[in-house]
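Source file: start-v3.csv (CSV, C-alpha atoms and all ligand atoms)
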chain,number,residue,atom,x,y,z
A,1,MET,CA,21.5,-41.9,61.2
A,2,LYS,CA,22.4,-38.5,62.5
A,3,LYS,CA,21.6,-36.1,59.7
A,4,TYR,CA,21.3,-32.8,61.5
A,5,PRO,CA,23.5,-31.0,63.9
A,6,LEU,CA,22.0,-29.6,67.1
A,7,ILE,CA,22.6,-25.9,67.7
A,8,LEU,CA,22.0,-24.6,71.2
A,9,LEU,CA,21.5,-20.9,72.0
A,10,HIS,CA,21.9,-19.6,75.5
A,11,GLY,CA,19.5,-17.3,77.5
A,12,TYR,CA,20.0,-14.0,79.2
A,13,PRO,CA,22.4,-13.1,81.0
A,14,LEU,CA,24.2,-16.4,80.3
A,15,GLU,CA,26.6,-17.8,77.7
A,16,HIS,CA,27.4,-21.2,76.1
A,17,ARG,CA,28.7,-22.9,79.3
A,18,MET,CA,25.1,-23.1,80.6
A,19,TRP,CA,24.8,-26.1,78.2
A,20,TYR,CA,27.8,-28.1,79.3
A,21,SER,CA,26.0,-30.7,81.4
A,22,THR,CA,23.2,-30.9,78.8
A,23,ILE,CA,25.7,-31.6,76.0
A,24,ALA,CA,27.4,-34.3,78.1
A,25,ALA,CA,24.0,-36.0,78.6
A,26,VAL,CA,23.1,-35.7,74.9
A,27,GLY,CA,26.3,-37.6,74.3
A,28,SER,CA,26.7,-39.2,70.9
A,29,ASN,CA,23.0,-38.7,70.0
A,30,ALA,CA,23.9,-35.5,68.1
A,31,LYS,CA,26.7,-33.3,67.0
A,32,VAL,CA,26.3,-30.2,69.1
A,33,LEU,CA,27.3,-26.5,68.6
A,34,ALA,CA,26.6,-24.0,71.4
A,35,PRO,CA,27.8,-20.6,70.2
A,36,ASP,CA,27.7,-17.4,72.3
A,37,LEU,CA,25.5,-14.7,70.9
A,38,PRO,CA,27.2,-11.3,70.2
A,39,GLY,CA,27.9,-9.3,73.3
A,40,PHE,CA,28.1,-12.5,75.5
A,41,GLY,CA,31.0,-14.6,76.5
A,42,LYS,CA,34.0,-13.6,74.4
A,43,VAL,CA,32.0,-12.7,71.2
A,44,PRO,CA,32.0,-8.9,70.5
A,45,LEU,CA,28.8,-6.9,70.2
A,46,LEU,CA,27.3,-6.3,66.8
A,47,GLU,CA,28.6,-2.9,65.7
A,48,ASP,CA,26.2,-0.4,64.2
A,49,VAL,CA,23.2,-2.8,64.2
A,50,LYS,CA,20.0,-1.9,65.9
A,51,PRO,CA,19.2,-4.4,68.8
A,52,SER,CA,16.8,-7.1,67.6
A,53,MET,CA,16.3,-10.8,67.8
A,54,GLU,CA,16.5,-10.8,64.0
A,55,ALA,CA,20.1,-9.4,64.2
A,56,TYR,CA,21.1,-12.2,66.6
A,57,ALA,CA,19.4,-14.7,64.2
A,58,ALA,CA,21.3,-13.3,61.2
A,59,HIS,CA,24.6,-13.6,63.1
A,60,VAL,CA,23.8,-17.3,63.9
A,61,GLU,CA,22.9,-17.9,60.2
A,62,SER,CA,26.2,-16.4,59.0
A,63,LEU,CA,28.1,-18.5,61.6
A,64,LEU,CA,26.3,-21.7,60.3
A,65,THR,CA,27.1,-20.7,56.7
A,66,SER,CA,30.8,-20.0,57.6
A,67,LEU,CA,30.9,-23.6,59.0
A,68,ASN,CA,29.3,-25.1,55.9
A,69,TYR,CA,26.3,-26.3,57.9
A,70,GLY,CA,23.2,-27.2,55.9
A,71,LYS,CA,19.9,-27.8,57.8
A,72,VAL,CA,20.1,-27.8,61.5
A,73,ILE,CA,18.0,-28.4,64.6
A,74,LEU,CA,18.0,-25.1,66.5
A,75,ALA,CA,17.1,-24.9,70.2
A,76,GLY,CA,17.3,-22.0,72.5
A,77,MET,CA,16.7,-21.3,76.2
A,78,SER,CA,14.4,-18.4,76.9
A,79,MET,CA,16.1,-15.4,75.0
A,80,GLY,CA,17.8,-18.1,72.9
A,81,GLY,CA,14.3,-19.4,72.1
A,82,TYR,CA,13.3,-15.9,71.0
A,83,VAL,CA,16.3,-15.9,68.7
A,84,ALA,CA,15.5,-19.4,67.4
A,85,LEU,CA,11.9,-18.2,66.6
A,86,ALA,CA,13.2,-15.2,64.7
A,87,PHE,CA,15.6,-17.6,62.9
A,88,ALA,CA,12.7,-19.9,62.0
A,89,GLU,CA,10.8,-17.0,60.5
A,90,LYS,CA,13.7,-15.6,58.6
A,91,TYR,CA,15.3,-18.9,57.4
A,92,PRO,CA,12.6,-21.6,57.5
A,93,GLY,CA,14.5,-23.7,54.9
A,94,ARG,CA,17.5,-24.0,57.3
A,95,LEU,CA,15.6,-25.8,60.0
A,96,ALA,CA,14.8,-29.5,60.6
A,97,GLY,CA,13.6,-29.0,64.1
A,98,LEU,CA,13.1,-26.3,66.7
A,99,GLY,CA,13.5,-26.3,70.5
A,100,LEU,CA,11.9,-23.7,72.8
A,101,ILE,CA,13.2,-24.3,76.3
A,102,SER,CA,11.8,-22.1,79.1
A,103,SER,CA,10.8,-19.7,76.3
A,104,GLN,CA,7.7,-18.1,74.8
A,105,ALA,CA,6.4,-16.8,71.5
A,106,GLU,CA,4.7,-13.7,72.9
A,107,ALA,CA,6.0,-10.2,72.8
A,108,ASP,CA,6.8,-8.2,76.0
A,109,THR,CA,3.9,-6.6,77.9
A,110,VAL,CA,4.0,-2.8,78.4
A,111,GLU,CA,5.2,-3.4,82.0
A,112,ALA,CA,7.9,-5.8,80.9
A,113,LYS,CA,9.2,-3.3,78.2
A,114,LYS,CA,9.2,-0.6,80.9
A,115,ALA,CA,11.2,-2.8,83.3
A,116,ARG,CA,13.8,-3.6,80.6
A,117,ASN,CA,14.2,0.1,79.8
A,118,GLU,CA,14.7,0.9,83.4
A,119,THR,CA,17.3,-1.8,83.7
A,120,VAL,CA,19.1,-0.4,80.6
A,121,GLU,CA,19.2,3.1,82.3
A,122,LYS,CA,20.5,1.6,85.6
A,123,LEU,CA,23.2,-0.4,83.7
A,124,LYS,CA,24.4,2.9,82.2
A,125,LYS,CA,24.6,4.6,85.6
A,126,GLU,CA,25.7,1.8,87.9
A,127,GLY,CA,27.3,-1.0,85.8
A,128,THR,CA,26.4,-4.6,86.3
A,129,GLY,CA,26.7,-4.9,90.1
A,130,PHE,CA,23.0,-5.0,90.8
A,131,VAL,CA,22.1,-7.6,88.3
A,132,LEU,CA,23.1,-10.9,90.1
A,133,GLU,CA,20.9,-11.0,93.2
A,134,PRO,CA,17.5,-10.5,91.6
A,135,MET,CA,18.5,-12.7,88.7
A,136,MET,CA,19.4,-15.6,91.0
A,137,ALA,CA,15.9,-15.4,92.7
A,138,ARG,CA,14.2,-15.2,89.3
A,139,MET,CA,16.1,-17.9,87.4
A,140,PHE,CA,16.2,-20.7,90.0
A,141,THR,CA,14.0,-22.4,92.5
A,142,PRO,CA,14.7,-21.1,96.0
A,143,ALA,CA,16.9,-24.0,97.0
A,144,ARG,CA,19.0,-23.9,93.8
A,145,ALA,CA,19.4,-20.1,94.0
A,146,LYS,CA,21.7,-20.8,97.0
A,147,ASP,CA,24.0,-23.0,94.9
A,148,GLU,CA,27.5,-21.5,94.9
A,149,ASP,CA,28.4,-23.0,91.5
A,150,PHE,CA,25.3,-21.5,89.9
A,151,ARG,CA,26.0,-18.2,91.6
A,152,LYS,CA,29.7,-18.1,90.4
A,153,TYR,CA,28.6,-19.1,86.9
A,154,MET,CA,25.9,-16.3,86.7
A,155,GLU,CA,28.4,-13.8,88.1
A,156,GLU,CA,31.0,-14.7,85.5
A,157,SER,CA,28.5,-14.6,82.6
A,158,ILE,CA,27.2,-11.2,83.7
A,159,LYS,CA,30.7,-9.8,84.0
A,160,ALA,CA,31.7,-11.1,80.6
A,161,ALA,CA,28.7,-9.5,78.9
A,162,GLY,CA,29.1,-6.2,80.7
A,163,ALA,CA,26.6,-3.4,80.8
A,164,GLU,CA,26.8,-3.0,77.0
A,165,GLY,CA,26.1,-6.7,76.2
A,166,LEU,CA,23.3,-6.9,78.7
A,167,SER,CA,21.7,-3.6,77.5
A,168,TRP,CA,21.8,-4.6,73.8
A,169,ALA,CA,20.0,-7.9,74.7
A,170,LEU,CA,17.4,-6.1,76.9
A,171,LYS,CA,16.6,-3.6,74.1
A,172,ALA,CA,16.4,-6.5,71.6
A,173,MET,CA,14.0,-8.5,73.8
A,174,ALA,CA,11.8,-5.4,74.4
A,175,VAL,CA,11.2,-4.9,70.7
A,176,ARG,CA,10.6,-8.5,69.7
A,177,PRO,CA,7.3,-9.1,67.9
A,178,ASP,CA,4.7,-11.6,68.9
A,179,ARG,CA,5.4,-14.8,67.0
A,180,SER,CA,2.6,-17.0,68.5
A,181,ASN,CA,0.6,-17.2,65.2
A,182,PHE,CA,3.7,-17.9,63.2
A,183,LEU,CA,4.1,-21.3,64.8
A,184,LYS,CA,1.1,-22.9,63.1
A,185,ASN,CA,2.9,-22.4,59.8
A,186,LEU,CA,6.0,-24.3,60.9
A,187,ASP,CA,5.9,-27.9,59.6
A,188,ILE,CA,8.8,-29.3,61.6
A,189,PRO,CA,8.9,-30.9,65.1
A,190,VAL,CA,9.0,-28.3,67.9
A,191,LEU,CA,10.2,-29.3,71.4
A,192,VAL,CA,8.5,-27.1,74.1
A,193,LEU,CA,10.3,-27.9,77.4
A,194,HIS,CA,9.5,-26.0,80.6
A,195,GLY,CA,10.0,-26.1,84.3
A,196,THR,CA,6.8,-26.1,86.4
A,197,GLU,CA,8.3,-23.6,88.8
A,198,ASP,CA,9.4,-21.0,86.2
A,199,LYS,CA,9.0,-17.5,87.6
A,200,ILE,CA,10.0,-15.7,84.4
A,201,VAL,CA,7.9,-17.5,81.9
A,202,PRO,CA,5.0,-19.3,83.7
A,203,ALA,CA,4.5,-23.0,82.7
A,204,GLY,CA,1.0,-22.3,81.4
A,205,LYS,CA,2.5,-20.4,78.5
A,206,ALA,CA,4.4,-23.5,77.4
A,207,ARG,CA,1.2,-25.4,77.1
A,208,ASP,CA,-0.4,-22.6,75.0
A,209,LEU,CA,2.8,-22.6,72.9
A,210,ALA,CA,2.7,-26.3,72.3
A,211,GLU,CA,-1.0,-26.1,71.3
A,212,ARG,CA,-0.1,-23.6,68.6
A,213,CYS,CA,2.4,-26.0,67.0
A,214,ARG,CA,1.6,-28.5,64.3
A,215,ASN,CA,4.1,-31.0,65.5
A,216,PRO,CA,4.9,-30.4,69.2
A,217,ILE,CA,6.8,-32.4,71.7
A,218,LEU,CA,5.7,-31.0,75.1
A,219,VAL,CA,7.9,-31.8,78.2
A,220,GLU,CA,7.1,-30.3,81.6
A,221,VAL,CA,9.9,-30.8,84.2
A,222,LYS,CA,8.5,-30.9,87.7
A,223,GLY,CA,10.1,-28.9,90.5
A,224,VAL,CA,12.4,-26.9,88.2
A,225,GLY,CA,12.6,-23.2,87.7
A,226,HIS,CA,13.5,-21.0,84.6
A,227,ALA,CA,17.1,-22.2,84.2
A,228,THR,CA,16.2,-25.7,83.1
A,229,PRO,CA,19.5,-26.6,81.4
A,230,LEU,CA,21.3,-25.7,84.6
A,231,GLU,CA,18.8,-27.2,87.0
A,232,ALA,CA,17.8,-30.3,85.1
A,233,PRO,CA,20.3,-31.0,82.3
A,234,ASP,CA,19.3,-34.7,82.0
A,235,ALA,CA,15.7,-33.9,81.4
A,236,VAL,CA,16.6,-31.2,78.9
A,237,ALA,CA,19.0,-33.6,77.2
A,238,ALA,CA,16.3,-36.3,77.0
A,239,GLY,CA,13.8,-33.8,75.4
A,240,LEU,CA,16.5,-32.7,72.9
A,241,VAL,CA,17.3,-36.3,72.0
A,242,ARG,CA,13.6,-36.9,71.3
A,243,LEU,CA,13.6,-33.8,69.1
A,244,VAL,CA,16.7,-34.9,67.3
A,245,ALA,CA,15.2,-38.4,66.7
A,246,THR,CA,11.9,-37.0,65.4
A,247,ALA,CA,13.7,-34.5,63.1
A,248,ASN,CA,16.0,-37.2,61.8
A,249,GLU,CA,13.1,-39.5,61.0
A,250,GLU,CA,11.2,-37.0,58.8
A,301,LIG,C1,16.2,-15.3,79.7
A,301,LIG,O1,16.3,-16.2,80.5
A,301,LIG,O2,16.8,-15.4,78.6
A,301,LIG,C2,15.4,-14.1,80.0
A,301,LIG,O3,15.1,-14.1,81.3
A,301,LIG,C3,14.3,-13.9,79.1
A,301,LIG,C4,13.4,-12.7,79.4
A,301,LIG,O4,13.8,-11.9,80.2
A,301,LIG,O5,12.4,-12.6,78.7

Turn the structure described in the file into structure tokens.
Amino acid sequence: MKKYPLILLHGYPLEHRMWYSTIAAVGSNAKVLAPDLPGFGKVPLLEDVKPSMEAYAAHVESLLTSLNYGKVILAGMSMGGYVALAFAEKYPGRLAGLGLISSQAEADTVEAKKARNETVEKLKKEGTGFVLEPMMARMFTPARAKDEDFRKYMEESIKAAGAEGLSWALKAMAVRPDRSNFLKNLDIPVLVLHGTEDKIVPAGKARDLAERCRNPILVEVKGVGHATPLEAPDAVAAGLVRLVATANEE
């Protein structure tokens, strides 16, 4: 019986369409909702709210409430995973399962924070034109970074977010707290799925993350980079279906 809907949160600088192939492969195994976070796709930025993962999480919670959703299974890719973790901490009673895909529970290092702040400054001065090329190289394996469809998708997502949407997200990521210790308190199944060739969040971090969970499902996808749902949607869907089945059994 399918008790819990599956909610999928996109990464940076993407939007909900990154999940299309994964959703097709999940098929009838779950009812899926893949919203855009504020400032991405067509969803406006949160006005007068300080950038934080908690603010994105509060937005997701109010969306679920407005749709009369009860408990859900929440999975996020990379930044989407940071939001899902903030959600799990703020609203533990709303979750039947958690998915951390190409993500991590640790906070930014000093260097990572500095790099995000520099990007925010550059976005202010130059707009979004410089974002695509380095992002292609970081998100994908070298062969897939040449894929024209991925490039077009990335370009459209960056353009839709604009300098303001991207800056808000960068500031929010830079201030996120370390949630590694929080995971041991979470008594729900947690899918940790990672590509072995990830250049943004190395695969070793996924193993550490899974070790911190009480009820982990660890999936390593060989030969795949950071953008797992784009590069390996069938493997991501298979991991999510395992998470859904485990959450629905409990
Ligand atoms: C993402 O894919 O969401 C971002 O690359 C995550 C990050 O920069 O930490």

Give me, as a Markdown table, each residue of chain A that comes within 6 Å of ligand LIG 301 (chain A), together with its shortest interatomic pair and the distance in Å at one decimal, counting all atoms listed in the file, with rows ordered by chain and rising residue number.
| residue | atom | partner | partner_atom | distance |
| --- | --- | --- | --- | --- |
| A:Gly11 | CA | A:LIG301 | O2 | 3.5 |
| A:Tyr12 | CA | A:LIG301 | O2 | 3.5 |
| A:Ser78 | CA | A:LIG301 | O2 | 4.2 |
| A:Met79 | CA | A:LIG301 | O2 | 3.7 |

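With distances restricted to all atoms listed in the file, A:Lys42 is the closest residue to A:His16 from A:Lys31, A:His226, A:Arg242, A:Lys42.
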
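Minimum atom-to-atom distance to A:Ile200, evaluated using all atoms listed in the file, belongs to A:Gly225 out of A:Pro92, A:Gly225, A:Gly239, A:Pro38.
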
List the spatial neighbours of A:Glu164 as an NGL selection string - criterion: any atom at most 12 Å away, all atoms listed in the file, same-chain residues fewer than 4 positions off excluded.
:A and (13 or 38-40 or 44-47 or 51 or 119-128 or 158-160 or 168-171)

Measuring between only C-alpha atoms, which one of A:Ala105, A:Ala88, A:Met77, A:Met135 shows the shortest distance to A:Glu155?
A:Met135

Because some atoms of stretch 59-91 of chain A are absent here, can you restore N, CA and C atoms and send them as a CSV table (one decimal), in the frame of the given file?
chain,number,residue,atom,x,y,z
A,59,HIS,N,23.2,-13.3,62.7
A,59,HIS,CA,24.6,-13.6,63.1
A,59,HIS,C,24.7,-15.2,63.2
A,60,VAL,N,23.7,-15.8,63.8
A,60,VAL,CA,23.8,-17.3,63.9
A,60,VAL,C,23.8,-17.9,62.5
A,61,GLU,N,23.0,-17.4,61.6
A,61,GLU,CA,22.9,-17.9,60.2
A,61,GLU,C,24.2,-17.8,59.5
A,62,SER,N,24.9,-16.6,59.7
A,62,SER,CA,26.2,-16.4,59.0
A,62,SER,C,27.2,-17.3,59.6
A,63,LEU,N,27.1,-17.6,60.9
A,63,LEU,CA,28.1,-18.5,61.6
A,63,LEU,C,27.9,-19.9,61.0
A,64,LEU,N,26.6,-20.4,60.8
A,64,LEU,CA,26.3,-21.7,60.3
A,64,LEU,C,26.8,-21.8,58.9
A,65,THR,N,26.6,-20.7,58.1
A,65,THR,CA,27.1,-20.7,56.7
A,65,THR,C,28.6,-20.8,56.7
A,66,SER,N,29.3,-20.0,57.6
A,66,SER,CA,30.8,-20.0,57.6
A,66,SER,C,31.3,-21.4,57.9
A,67,LEU,N,30.5,-22.2,58.6
A,67,LEU,CA,30.9,-23.6,59.0
A,67,LEU,C,30.4,-24.6,58.0
A,68,ASN,N,29.8,-24.2,56.9
A,68,ASN,CA,29.3,-25.1,55.9
A,68,ASN,C,28.2,-26.0,56.5
A,69,TYR,N,27.4,-25.5,57.4
A,69,TYR,CA,26.3,-26.3,57.9
A,69,TYR,C,25.1,-26.1,57.0
A,70,GLY,N,24.4,-27.2,56.7
A,70,GLY,CA,23.2,-27.2,55.9
A,70,GLY,C,22.0,-27.0,56.9
A,71,LYS,N,21.0,-27.9,56.8
A,71,LYS,CA,19.9,-27.8,57.8
A,71,LYS,C,20.3,-28.2,59.2
A,72,VAL,N,19.8,-27.5,60.1
A,72,VAL,CA,20.1,-27.8,61.5
A,72,VAL,C,18.8,-27.9,62.4
A,73,ILE,N,19.1,-28.4,63.6
A,73,ILE,CA,18.0,-28.4,64.6
A,73,ILE,C,18.4,-27.3,65.6
A,74,LEU,N,17.6,-26.3,65.7
A,74,LEU,CA,18.0,-25.1,66.5
A,74,LEU,C,17.1,-25.0,67.8
A,75,ALA,N,17.8,-25.0,68.9
A,75,ALA,CA,17.1,-24.9,70.2
A,75,ALA,C,17.6,-23.8,71.0
A,76,GLY,N,16.8,-23.1,71.7
A,76,GLY,CA,17.3,-22.0,72.5
A,76,GLY,C,16.5,-21.9,73.9
A,77,MET,N,17.3,-21.5,74.9
A,77,MET,CA,16.7,-21.3,76.2
A,77,MET,C,16.2,-19.9,76.3
A,78,SER,N,15.0,-19.7,76.6
A,78,SER,CA,14.4,-18.4,76.9
A,78,SER,C,14.8,-17.3,75.9
A,79,MET,N,15.7,-16.4,76.1
A,79,MET,CA,16.1,-15.4,75.0
A,79,MET,C,16.6,-16.2,73.8
A,80,GLY,N,17.3,-17.3,74.1
A,80,GLY,CA,17.8,-18.1,72.9
A,80,GLY,C,16.7,-18.6,72.1
A,81,GLY,N,15.5,-18.9,72.8
A,81,GLY,CA,14.3,-19.4,72.1
A,81,GLY,C,13.7,-18.2,71.3
A,82,TYR,N,13.8,-17.0,71.8
A,82,TYR,CA,13.3,-15.9,71.0
A,82,TYR,C,14.1,-15.7,69.7
A,83,VAL,N,15.4,-15.9,69.9
A,83,VAL,CA,16.3,-15.9,68.7
A,83,VAL,C,16.0,-17.0,67.7
A,84,ALA,N,15.8,-18.2,68.3
A,84,ALA,CA,15.5,-19.4,67.4
A,84,ALA,C,14.2,-19.2,66.6
A,85,LEU,N,13.2,-18.5,67.3
A,85,LEU,CA,11.9,-18.2,66.6
A,85,LEU,C,12.1,-17.2,65.5
A,86,ALA,N,12.9,-16.2,65.8
A,86,ALA,CA,13.2,-15.2,64.7
A,86,ALA,C,14.0,-15.9,63.5
A,87,PHE,N,14.9,-16.8,63.9
A,87,PHE,CA,15.6,-17.6,62.9
A,87,PHE,C,14.6,-18.4,62.0
A,88,ALA,N,13.7,-19.1,62.7
A,88,ALA,CA,12.7,-19.9,62.0
A,88,ALA,C,11.9,-19.1,61.0
A,89,GLU,N,11.6,-17.9,61.4
A,89,GLU,CA,10.8,-17.0,60.5
A,89,GLU,C,11.6,-16.5,59.3
A,90,LYS,N,12.8,-16.2,59.6
A,90,LYS,CA,13.7,-15.6,58.6
A,90,LYS,C,14.3,-16.7,57.6
A,91,TYR,N,14.6,-17.9,58.2
A,91,TYR,CA,15.3,-18.9,57.4
A,91,TYR,C,14.6,-20.2,57.6
